[in-house]
>>> print(open('my_file.pdb').read())   # PDB, C-alpha atoms, pLDDT in the B column
ATOM      1  CA  MET T   1     263.066 198.754 141.524  1.00 56.00           C
ATOM      2  CA  GLU T   2     260.279 200.490 139.617  1.00 55.00           C
ATOM      3  CA  GLU T   3     257.220 198.635 138.448  1.00 56.00           C
ATOM      4  CA  PRO T   4     256.416 198.918 134.773  1.00 56.00           C
ATOM      5  CA  GLN T   5     253.426 201.120 134.009  1.00 57.00           C
ATOM      6  CA  ARG T   6     250.346 199.409 132.687  1.00 52.00           C
ATOM      7  CA  ALA T   7     248.971 200.355 129.369  1.00 50.00           C
ATOM      8  CA  ARG T   8     245.866 202.460 129.779  1.00 46.00           C
ATOM      9  CA  SER T   9     242.810 202.057 127.702  1.00 42.00           C
ATOM     10  CA  HIS T  10     241.798 205.108 125.742  1.00 44.00           C
ATOM     11  CA  THR T  11     238.259 203.868 125.315  1.00 40.00           C
ATOM     12  CA  VAL T  12     235.594 205.287 127.591  1.00 39.00           C
ATOM     13  CA  ASN T  13     232.245 203.578 127.757  1.00 42.00           C
ATOM     14  CA  THR T  14     229.343 205.857 128.512  1.00 39.00           C
ATOM     15  CA  THR T  15     225.722 205.038 128.982  1.00 44.00           C
ATOM     16  CA  THR T  16     222.835 207.403 129.170  1.00 44.00           C
ATOM     17  CA  SER T  17     219.901 206.845 131.392  1.00 44.00           C
ATOM     18  CA  SER T  18     216.338 207.603 130.437  1.00 46.00           C
ATOM     19  CA  PHE T  19     216.404 210.288 133.136  1.00 43.00           C
ATOM     20  CA  ALA T  20     219.271 212.091 131.408  1.00 44.00           C
ATOM     21  CA  GLU T  21     217.631 211.687 128.002  1.00 48.00           C
ATOM     22  CA  ASN T  22     214.447 213.334 129.228  1.00 47.00           C
ATOM     23  CA  PHE T  23     216.388 216.381 130.414  1.00 46.00           C
ATOM     24  CA  SER T  24     218.323 216.848 127.212  1.00 45.00           C
ATOM     25  CA  THR T  25     217.102 219.761 125.190  1.00 46.00           C
ATOM     26  CA  THR T  26     216.471 219.079 121.553  1.00 48.00           C
ATOM     27  CA  SER T  27     215.714 222.654 120.633  1.00 48.00           C
ATOM     28  CA  SER T  28     216.768 226.015 121.877  1.00 47.00           C
ATOM     29  CA  SER T  29     213.206 227.331 122.068  1.00 61.00           C
ATOM     30  CA  PHE T  30     211.392 227.393 125.363  1.00 68.00           C
ATOM     31  CA  ALA T  31     207.843 226.066 125.550  1.00 74.00           C
ATOM     32  CA  TYR T  32     205.281 228.568 126.714  1.00 83.00           C
ATOM     33  CA  ASP T  33     201.591 227.910 127.295  1.00 84.00           C
ATOM     34  CA  ARG T  34     199.775 231.188 126.657  1.00 83.00           C
ATOM     35  CA  GLU T  35     196.372 229.606 127.060  1.00 90.00           C
ATOM     36  CA  PHE T  36     196.929 228.362 130.632  1.00 91.00           C
ATOM     37  CA  LEU T  37     196.212 231.758 132.166  1.00 91.00           C
ATOM     38  CA  ARG T  38     192.840 231.794 130.375  1.00 92.00           C
ATOM     39  CA  THR T  39     191.677 228.591 132.051  1.00 93.00           C
ATOM     40  CA  LEU T  40     189.848 228.613 135.378  1.00 95.00           C
ATOM     41  CA  PRO T  41     192.702 226.844 137.234  1.00 94.00           C
ATOM     42  CA  GLY T  42     195.156 229.358 135.740  1.00 94.00           C
ATOM     43  CA  LEU T  43     193.021 232.295 136.832  1.00 96.00           C
ATOM     44  CA  LEU T  44     192.698 230.785 140.309  1.00 97.00           C
ATOM     45  CA  ILE T  45     196.484 230.475 140.580  1.00 97.00           C
ATOM     46  CA  VAL T  46     196.907 234.130 139.615  1.00 97.00           C
ATOM     47  CA  ALA T  47     194.261 235.072 142.197  1.00 97.00           C
ATOM     48  CA  GLU T  48     196.057 232.950 144.819  1.00 97.00           C
ATOM     49  CA  ILE T  49     199.308 234.785 144.093  1.00 97.00           C
ATOM     50  CA  VAL T  50     197.795 238.283 144.178  1.00 97.00           C
ATOM     51  CA  LEU T  51     195.568 237.705 147.217  1.00 97.00           C
ATOM     52  CA  GLY T  52     198.249 235.702 149.051  1.00 97.00           C
ATOM     53  CA  LEU T  53     200.672 238.562 148.525  1.00 97.00           C
ATOM     54  CA  LEU T  54     198.121 240.904 150.072  1.00 97.00           C
ATOM     55  CA  VAL T  55     197.717 238.590 153.088  1.00 96.00           C
ATOM     56  CA  TRP T  56     201.349 238.512 154.063  1.00 94.00           C
ATOM     57  CA  THR T  57     202.221 242.097 153.132  1.00 96.00           C
ATOM     58  CA  LEU T  58     199.307 243.456 155.161  1.00 94.00           C
ATOM     59  CA  ILE T  59     200.580 241.541 158.180  1.00 93.00           C
ATOM     60  CA  ALA T  60     204.296 242.118 157.550  1.00 92.00           C
ATOM     61  CA  GLY T  61     203.767 245.867 157.457  1.00 91.00           C
ATOM     62  CA  THR T  62     202.579 245.871 161.065  1.00 88.00           C
ATOM     63  CA  GLU T  63     203.881 244.895 164.490  1.00 85.00           C
ATOM     64  CA  TYR T  64     202.685 241.331 163.982  1.00 83.00           C
ATOM     65  CA  PHE T  65     205.308 239.907 166.344  1.00 84.00           C
ATOM     66  CA  ARG T  66     203.216 241.179 169.275  1.00 85.00           C
ATOM     67  CA  VAL T  67     200.601 238.510 168.491  1.00 86.00           C
ATOM     68  CA  PRO T  68     202.265 235.073 168.225  1.00 90.00           C
ATOM     69  CA  ALA T  69     199.423 233.620 166.158  1.00 91.00           C
ATOM     70  CA  PHE T  70     200.378 235.869 163.254  1.00 92.00           C
ATOM     71  CA  GLY T  71     203.629 233.926 162.980  1.00 93.00           C
ATOM     72  CA  TRP T  72     201.593 230.928 161.811  1.00 95.00           C
ATOM     73  CA  VAL T  73     199.629 233.056 159.364  1.00 95.00           C
ATOM     74  CA  MET T  74     202.844 234.536 157.969  1.00 95.00           C
ATOM     75  CA  PHE T  75     204.424 231.092 157.610  1.00 96.00           C
ATOM     76  CA  VAL T  76     201.450 229.665 155.707  1.00 97.00           C
ATOM     77  CA  ALA T  77     200.990 232.762 153.545  1.00 96.00           C
ATOM     78  CA  VAL T  78     204.642 233.140 152.523  1.00 97.00           C
ATOM     79  CA  PHE T  79     205.272 229.389 152.131  1.00 98.00           C
ATOM     80  CA  TYR T  80     202.304 228.810 149.844  1.00 98.00           C
ATOM     81  CA  TRP T  81     202.855 232.071 147.989  1.00 98.00           C
ATOM     82  CA  VAL T  82     206.378 230.992 147.019  1.00 98.00           C
ATOM     83  CA  LEU T  83     205.235 227.488 146.048  1.00 97.00           C
ATOM     84  CA  THR T  84     202.298 228.825 144.039  1.00 97.00           C
ATOM     85  CA  VAL T  85     204.620 231.108 142.068  1.00 97.00           C
ATOM     86  CA  PHE T  86     206.847 228.061 141.492  1.00 96.00           C
ATOM     87  CA  PHE T  87     203.913 225.990 140.212  1.00 95.00           C
ATOM     88  CA  LEU T  88     202.717 228.836 137.980  1.00 95.00           C
ATOM     89  CA  ILE T  89     206.153 228.919 136.346  1.00 93.00           C
ATOM     90  CA  ILE T  90     206.041 225.132 135.902  1.00 93.00           C
ATOM     91  CA  TYR T  91     202.601 225.296 134.275  1.00 92.00           C
ATOM     92  CA  ILE T  92     203.313 228.272 132.026  1.00 94.00           C
ATOM     93  CA  THR T  93     206.643 226.900 130.801  1.00 92.00           C
ATOM     94  CA  MET T  94     205.147 223.401 130.468  1.00 90.00           C
ATOM     95  CA  THR T  95     208.026 221.942 132.472  1.00 89.00           C
ATOM     96  CA  TYR T  96     205.703 219.159 133.595  1.00 87.00           C
ATOM     97  CA  THR T  97     205.874 217.708 130.062  1.00 88.00           C
ATOM     98  CA  ARG T  98     209.668 217.461 130.298  1.00 90.00           C
ATOM     99  CA  ILE T  99     209.646 215.598 133.621  1.00 90.00           C
ATOM    100  CA  PRO T 100     207.194 212.730 133.084  1.00 89.00           C
ATOM    101  CA  GLN T 101     208.540 210.761 136.067  1.00 93.00           C
ATOM    102  CA  VAL T 102     206.687 213.087 138.431  1.00 92.00           C
ATOM    103  CA  PRO T 103     202.976 212.289 138.899  1.00 93.00           C
ATOM    104  CA  TRP T 104     201.899 215.905 138.372  1.00 92.00           C
ATOM    105  CA  THR T 105     198.190 215.316 138.935  1.00 92.00           C
ATOM    106  CA  THR T 106     198.913 213.747 142.323  1.00 94.00           C
ATOM    107  CA  VAL T 107     201.394 216.489 143.201  1.00 95.00           C
ATOM    108  CA  GLY T 108     198.832 219.145 142.250  1.00 95.00           C
ATOM    109  CA  LEU T 109     196.131 217.485 144.320  1.00 96.00           C
ATOM    110  CA  CYS T 110     198.374 217.158 147.386  1.00 97.00           C
ATOM    111  CA  PHE T 111     199.654 220.716 147.038  1.00 97.00           C
ATOM    112  CA  ASN T 112     196.243 222.324 146.579  1.00 97.00           C
ATOM    113  CA  GLY T 113     194.617 220.140 149.246  1.00 98.00           C
ATOM    114  CA  SER T 114     197.280 220.949 151.817  1.00 98.00           C
ATOM    115  CA  ALA T 115     197.173 224.635 150.867  1.00 98.00           C
ATOM    116  CA  PHE T 116     193.399 224.663 151.343  1.00 98.00           C
ATOM    117  CA  VAL T 117     193.542 223.018 154.770  1.00 98.00           C
ATOM    118  CA  LEU T 118     196.466 225.067 156.103  1.00 98.00           C
ATOM    119  CA  TYR T 119     195.183 228.339 154.657  1.00 98.00           C
ATOM    120  CA  LEU T 120     191.791 227.659 156.224  1.00 98.00           C
ATOM    121  CA  SER T 121     193.454 227.194 159.611  1.00 97.00           C
ATOM    122  CA  ALA T 122     195.563 230.331 159.054  1.00 96.00           C
ATOM    123  CA  ALA T 123     192.498 232.374 158.048  1.00 96.00           C
ATOM    124  CA  VAL T 124     190.617 231.265 161.163  1.00 96.00           C
ATOM    125  CA  VAL T 125     193.643 232.039 163.358  1.00 95.00           C
ATOM    126  CA  ASP T 126     193.990 235.401 161.618  1.00 93.00           C
ATOM    127  CA  ALA T 127     190.318 236.281 162.177  1.00 93.00           C
ATOM    128  CA  THR T 128     190.312 235.247 165.827  1.00 92.00           C
ATOM    129  CA  SER T 129     193.540 237.138 166.508  1.00 89.00           C
ATOM    130  CA  VAL T 130     192.165 240.296 164.907  1.00 87.00           C
ATOM    131  CA  SER T 131     189.038 240.320 167.042  1.00 77.00           C
ATOM    132  CA  SER T 132     191.079 240.434 170.243  1.00 72.00           C
ATOM    133  CA  GLU T 133     193.114 243.442 169.027  1.00 71.00           C
ATOM    134  CA  ARG T 134     190.295 245.895 168.238  1.00 75.00           C
ATOM    135  CA  ASP T 135     191.992 248.839 169.920  1.00 75.00           C
ATOM    136  CA  SER T 136     195.328 248.364 168.132  1.00 78.00           C
ATOM    137  CA  HIS T 137     196.488 250.763 165.417  1.00 84.00           C
ATOM    138  CA  ASN T 138     197.198 247.606 163.337  1.00 85.00           C
ATOM    139  CA  PHE T 139     193.542 246.542 163.401  1.00 88.00           C
ATOM    140  CA  ASN T 140     192.620 247.601 159.850  1.00 90.00           C
ATOM    141  CA  SER T 141     195.597 245.861 158.241  1.00 92.00           C
ATOM    142  CA  TRP T 142     194.982 242.702 160.233  1.00 91.00           C
ATOM    143  CA  ALA T 143     191.264 242.707 159.452  1.00 92.00           C
ATOM    144  CA  ALA T 144     191.990 243.145 155.740  1.00 95.00           C
ATOM    145  CA  SER T 145     194.546 240.318 155.842  1.00 95.00           C
ATOM    146  CA  SER T 146     191.923 238.088 157.447  1.00 95.00           C
ATOM    147  CA  PHE T 147     189.435 238.890 154.680  1.00 97.00           C
ATOM    148  CA  PHE T 148     191.989 238.173 151.947  1.00 97.00           C
ATOM    149  CA  ALA T 149     193.084 234.977 153.714  1.00 97.00           C
ATOM    150  CA  PHE T 150     189.539 233.635 153.416  1.00 98.00           C
ATOM    151  CA  LEU T 151     189.455 234.622 149.727  1.00 98.00           C
ATOM    152  CA  VAL T 152     192.738 232.772 149.114  1.00 98.00           C
ATOM    153  CA  THR T 153     191.281 229.767 150.949  1.00 98.00           C
ATOM    154  CA  ILE T 154     188.331 229.762 148.534  1.00 98.00           C
ATOM    155  CA  CYS T 155     190.732 229.929 145.575  1.00 98.00           C
ATOM    156  CA  TYR T 156     192.731 226.968 146.876  1.00 98.00           C
ATOM    157  CA  ALA T 157     189.473 225.063 147.459  1.00 98.00           C
ATOM    158  CA  GLY T 158     188.550 225.658 143.824  1.00 97.00           C
ATOM    159  CA  ASN T 159     191.944 224.485 142.611  1.00 97.00           C
ATOM    160  CA  THR T 160     191.705 221.464 144.907  1.00 97.00           C
ATOM    161  CA  TYR T 161     188.427 220.567 143.205  1.00 97.00           C
ATOM    162  CA  PHE T 162     189.940 220.904 139.720  1.00 96.00           C
ATOM    163  CA  SER T 163     193.021 218.935 140.805  1.00 95.00           C
ATOM    164  CA  PHE T 164     190.798 216.186 142.177  1.00 96.00           C
ATOM    165  CA  ILE T 165     188.861 215.975 138.894  1.00 96.00           C
ATOM    166  CA  ALA T 166     192.132 215.746 136.936  1.00 92.00           C
ATOM    167  CA  TRP T 167     193.564 213.166 139.345  1.00 94.00           C
ATOM    168  CA  ARG T 168     190.422 211.047 139.274  1.00 93.00           C
ATOM    169  CA  SER T 169     190.205 211.056 135.480  1.00 92.00           C
ATOM    170  CA  ARG T 170     193.882 210.097 135.327  1.00 83.00           C
ATOM    171  CA  THR T 171     193.528 207.173 137.766  1.00 70.00           C
ATOM    172  CA  ILE T 172     190.392 205.795 136.078  1.00 67.00           C
ATOM    173  CA  GLN T 173     192.132 205.427 132.701  1.00 49.00           C
TER
END
>>> encode(input="my_file.pdb", output="structure tokens")
Amino acid sequence: MEEPQRARSHTVNTTTSSFAENFSTTSSSFAYDREFLRTLPGLLIVAEIVLGLLVWTLIAGTEYFRVPAFGWVMFVAVFYWVLTVFFLIIYITMTYTRIPQVPWTTVGLCFNGSAFVLYLSAAVVDATSVSSERDSHNFNSWAASSFFAFLVTICYAGNTYFSFIAWRSRTIQ
């Protein structure tokens, strides 16, 4: 004996969340902040990308696996290089205005602060590892990477300062 089929409702109730509304695009144009690269934090980010690229390519082009400490330097340099490129794209495209749920000033402060601390440790490790390998044919590349690692550390320190100022002015309001 077959059971009779129930009548199905053809009405579908949908609700939209505020999260989904914030991600909906109202125009086909893409926001682009041309002025960001002319600000001091923008210039520091570009310097971090260029100098950070020099740090890890100077090490990667050598036999860095012979000195285990260079593994740490490579990790820090590549990790923060990729994240800095990611943040540059977010700032230039003004994606941070489309995702207001994220506390961008806090994220920027944590990112730049951690990059400063870890890059400082990587630069010190890089410099101490270079001094013990004076007779190696990789010495010049490693010494140059150490120099650029300290320059990147200074750039991240500057961006940490600007992030702290932005975070503090945001929390006081």
>>> atom_distance(input="my_file.pdb", atom1="CA of Thr57 in chain T", atom2="CA of Phe148 in chain T")
11.0 Å
>>> closest_residue(input="my_file.pdb", among="T:Val117, T:Val67, T:Cys110, T:Ile99", to="Ser131 in chain T", atoms="only C-alpha atoms")
T:Val67
>>> residues_around(input="my_file.pdb", residues="Leu120 in chain T", least_positions_apart="4", cutoff="9 Å", atoms="all atoms listed in the file", output="list in words")
Ala115, Phe116, Val124, Val125, Ala149, Phe150, Val152, Thr153 and Ile154 of chain T
>>> resolve_selection(input="my_file.pdb", expression="the PyMOL selection byres ((chain T and resi 41) around 10)", output="PyMOL selection string")
chain T and resi 36-40+42-47+155-156+158-163
>>> resolve_selection(input="my_file.pdb", expression="the PyMOL selection byres ((chain T and resi 166) around 12)", output="list in words")
Pro41, Pro103, Trp104, Thr105, Thr106, Val107, Gly108, Leu109, Asn159, Thr160, Tyr161, Phe162, Ser163, Phe164, Ile165, Trp167, Arg168, Ser169, Arg170, Thr171, Ile172 and Gln173 of chain T
>>> atom_distance(input="my_file.pdb", atom1="CA of Phe70 in chain T", atom2="CA of Glu48 in chain T")
19.2 Å
>>> closest_residue(input="my_file.pdb", among="T:Ala60, T:Ile49, T:Ala144, T:Ala127", to="Phe87 in chain T", atoms="all atoms listed in the file")
T:Ile49
>>> atom_distance(input="my_file.pdb", atom1="CA of Ile92 in chain T", atom2="CA of Arg34 in chain T")
7.1 Å
>>> closest_residue(input="my_file.pdb", among="T:Ala157, T:Ala123, T:Met94, T:Leu151", to="Leu51 in chain T", atoms="all atoms listed in the file")
T:Leu151
>>> closest_residue(input="my_file.pdb", among="T:Phe147, T:Tyr32, T:Trp142, T:Phe111", to="Glu63 in chain T", atoms="all atoms listed in the file")
T:Trp142
>>> closest_residue(input="my_file.pdb", among="T:Pro100, T:Tyr64, T:Ala69, T:Asn112", to="Thr84 in chain T", atoms="all atoms listed in the file")
T:Asn112
>>> closest_residue(input="my_file.pdb", among="T:Gly71, T:Arg134, T:Ala31, T:Gly52", to="Arg98 in chain T", atoms="all atoms listed in the file")
T:Ala31
>>> axis_aligned_box(input="my_file.pdb", around="range 90-99 of chain T", padding_each_side="8 Å", output="JSON")
{"center_x": 206.1, "center_y": 221.9, "center_z": 133.0, "size_x": 23.1, "size_y": 28.7, "size_z": 21.8}
>>> residues_around(input="my_file.pdb", residues="Gly61 in chain T", least_positions_apart="5", cutoff="12 Å", atoms="only C-alpha atoms", output="PyMOL selection string")
chain T and resi 53-56+74+137-142+145
>>> build_atoms(input="my_file.pdb", residues="range 36-60 of chain T", atoms="N, CA and C atoms", output="compact mmCIF listing (two decimals), in the frame of the given file")
# COMPACT_ATOMS: atom_id res chain seq x y z
N PHE T 36 197.14 228.82 129.26
CA PHE T 36 196.93 228.36 130.63
C PHE T 36 196.30 229.44 131.50
N LEU T 37 196.73 230.67 131.33
CA LEU T 37 196.21 231.76 132.17
C LEU T 37 194.76 232.10 131.83
N ARG T 38 194.25 231.56 130.74
CA ARG T 38 192.84 231.79 130.38
C ARG T 38 191.91 230.69 130.89
N THR T 39 192.50 229.66 131.48
CA THR T 39 191.68 228.59 132.05
C THR T 39 191.30 228.96 133.48
N LEU T 40 190.26 228.32 134.01
CA LEU T 40 189.85 228.61 135.38
C LEU T 40 190.93 228.26 136.41
N PRO T 41 191.60 227.09 136.29
CA PRO T 41 192.70 226.84 137.23
C PRO T 41 193.83 227.87 137.12
N GLY T 42 194.13 228.33 135.92
CA GLY T 42 195.16 229.36 135.74
C GLY T 42 194.76 230.67 136.38
N LEU T 43 193.51 231.06 136.21
CA LEU T 43 193.02 232.30 136.83
C LEU T 43 193.02 232.18 138.35
N LEU T 44 192.68 230.99 138.86
CA LEU T 44 192.70 230.78 140.31
C LEU T 44 194.12 230.89 140.86
N ILE T 45 195.09 230.38 140.13
CA ILE T 45 196.48 230.48 140.58
C ILE T 45 196.92 231.94 140.63
N VAL T 46 196.56 232.70 139.61
CA VAL T 46 196.91 234.13 139.62
C VAL T 46 196.23 234.83 140.79
N ALA T 47 194.97 234.49 141.05
CA ALA T 47 194.26 235.07 142.20
C ALA T 47 194.93 234.66 143.51
N GLU T 48 195.36 233.41 143.62
CA GLU T 48 196.06 232.95 144.82
C GLU T 48 197.34 233.75 145.05
N ILE T 49 198.06 234.04 143.97
CA ILE T 49 199.31 234.78 144.09
C ILE T 49 199.03 236.22 144.52
N VAL T 50 198.09 236.88 143.87
CA VAL T 50 197.80 238.28 144.18
C VAL T 50 197.22 238.42 145.59
N LEU T 51 196.21 237.61 145.91
CA LEU T 51 195.57 237.70 147.22
C LEU T 51 196.49 237.23 148.33
N GLY T 52 197.28 236.18 148.06
CA GLY T 52 198.25 235.70 149.05
C GLY T 52 199.31 236.75 149.35
N LEU T 53 199.72 237.47 148.31
CA LEU T 53 200.67 238.56 148.52
C LEU T 53 200.07 239.64 149.42
N LEU T 54 198.80 239.93 149.21
CA LEU T 54 198.12 240.90 150.07
C LEU T 54 198.07 240.43 151.52
N VAL T 55 197.81 239.13 151.72
CA VAL T 55 197.72 238.59 153.09
C VAL T 55 199.02 238.84 153.84
N TRP T 56 200.12 238.41 153.27
CA TRP T 56 201.35 238.51 154.06
C TRP T 56 201.95 239.91 154.07
N THR T 57 201.70 240.73 153.05
CA THR T 57 202.22 242.10 153.13
C THR T 57 201.42 242.96 154.10
N LEU T 58 200.11 242.71 154.19
CA LEU T 58 199.31 243.46 155.16
C LEU T 58 199.72 243.14 156.60
N ILE T 59 200.12 241.90 156.84
CA ILE T 59 200.58 241.54 158.18
C ILE T 59 202.02 241.98 158.40
N ALA T 60 202.87 241.80 157.39
CA ALA T 60 204.30 242.12 157.55
C ALA T 60 204.53 243.61 157.75
